[in-house]
Amino acid sequence: MAHAPHERQAPAHDAHRAHGGSAERTGRPNTAGPAAAAGPGPAGWAPAARATLHCLTGCALGEILGMVIGTALSWHNVPTMILAIALAFAFGYALTLRGVLAAGVGFRAALRVALAADTLSIAVMEQIDNGVIALWPRAMDAQLSDALFWGVLAASLVLAFVVTTPVNKWMIGRGKGHAVAHRYHH
């Protein structure tokens, strides 16, 4: 594992003993230190907003791509929404996987982290996002060239962010959700 120039690398036996094993070898994060000993606690709004923005990035990429593909191909509403939701989950998980894999975690362990970190957040976000689109008058009939298509899509993503941020705050405060993935980021 490469270390930044400002990091001091402890000898292998000291690092193993101090951190309870290697994240690379065990697939688990290094949890030594005061923060780990304290366990979960109250989470602030800033970390929750950052976690939600991270989730929203993947969800928005998938949601927009799915809606554009389904609308451009003149699919019916249900297949378009199914594609958008599937792509939102795929992109959301992929963004988390990328970061956890970069920390040296094996693929299977990284996948478990991504599923634990993102599933509830993406599910809430998709429920709000697609609910707004489905309930907004004429939104499901809008075409790519209509301002309504893009306006409702943008509004639904903003509302999804607002509703999902408290969910992520609650999860992070319990050491779950994005707190699981955050353990792998240095």
# chains A, B, ... in the order shown; residues from 1 in each chain; ligands from 1
>>> residues_around(residues="Ala114 of chain A", least_positions_apart="3", cutoff="7 Å", atoms="only C-alpha atoms", output="PDB file with N, CA and C atoms, in the first residue's frame")
ATOM      1  N   TYR A  93     -24.011   2.219  -6.006  1.00  0.00           N
ATOM      2  CA  TYR A  93     -23.105   1.201  -5.469  1.00  0.00           C
ATOM      3  C   TYR A  93     -21.715   1.320  -6.090  1.00  0.00           C
ATOM      4  N   THR A  96     -19.458   3.947  -4.417  1.00  0.00           N
ATOM      5  CA  THR A  96     -18.931   3.502  -3.127  1.00  0.00           C
ATOM      6  C   THR A  96     -17.903   2.401  -3.317  1.00  0.00           C
ATOM      7  N   LEU A  97     -18.189   1.471  -4.204  1.00  0.00           N
ATOM      8  CA  LEU A  97     -17.238   0.380  -4.485  1.00  0.00           C
ATOM      9  C   LEU A  97     -15.879   0.943  -4.895  1.00  0.00           C
ATOM     10  N   ALA A 110     -15.712  -5.359  -0.318  1.00  0.00           N
ATOM     11  CA  ALA A 110     -16.098  -4.018  -0.766  1.00  0.00           C
ATOM     12  C   ALA A 110     -17.566  -3.984  -1.184  1.00  0.00           C
ATOM     13  N   LEU A 111     -18.011  -5.044  -1.831  1.00  0.00           N
ATOM     14  CA  LEU A 111     -19.421  -5.119  -2.234  1.00  0.00           C
ATOM     15  C   LEU A 111     -20.331  -5.141  -1.002  1.00  0.00           C
ATOM     16  N   ALA A 117     -23.675   0.329   3.126  1.00  0.00           N
ATOM     17  CA  ALA A 117     -23.578   1.783   3.187  1.00  0.00           C
ATOM     18  C   ALA A 117     -24.686   2.485   2.415  1.00  0.00           C
ATOM     19  N   ASP A 118     -25.108   1.915   1.300  1.00  0.00           N
ATOM     20  CA  ASP A 118     -25.945   2.676   0.371  1.00  0.00           C
ATOM     21  C   ASP A 118     -27.382   2.204   0.200  1.00  0.00           C
ATOM     22  N   ALA A 181     -18.865   2.845   5.098  1.00  0.00           N
ATOM     23  CA  ALA A 181     -17.924   3.123   4.004  1.00  0.00           C
ATOM     24  C   ALA A 181     -16.871   4.135   4.420  1.00  0.00           C
TER      25      ALA A 181
END
>>> residues_around(residues="Leu144 of chain A", least_positions_apart="2", cutoff="12 Å", atoms="only C-alpha atoms", output="PyMOL selection string")
chain A and resi 64-65+67-74+139-142+146-153
>>> residues_around(residues="Gly177 of chain A", least_positions_apart="3", cutoff="6 Å", atoms="only C-alpha atoms", output="list of chain:residue names")
A:Ala116, A:Ala117, A:Met171, A:Ile172, A:Val180
>>> atom_distance(atom1="atom CA of Ala90 of chain A", atom2="atom CA of Ala43 of chain A")
26.8 Å
>>> select_by_dssp(residues="segment 24-149 of chain A", states="alpha helix (DSSP H)", output="MDAnalysis selection string")
chainID A and resid 24:26 34:38 45:72 77:102 107:135 147:149
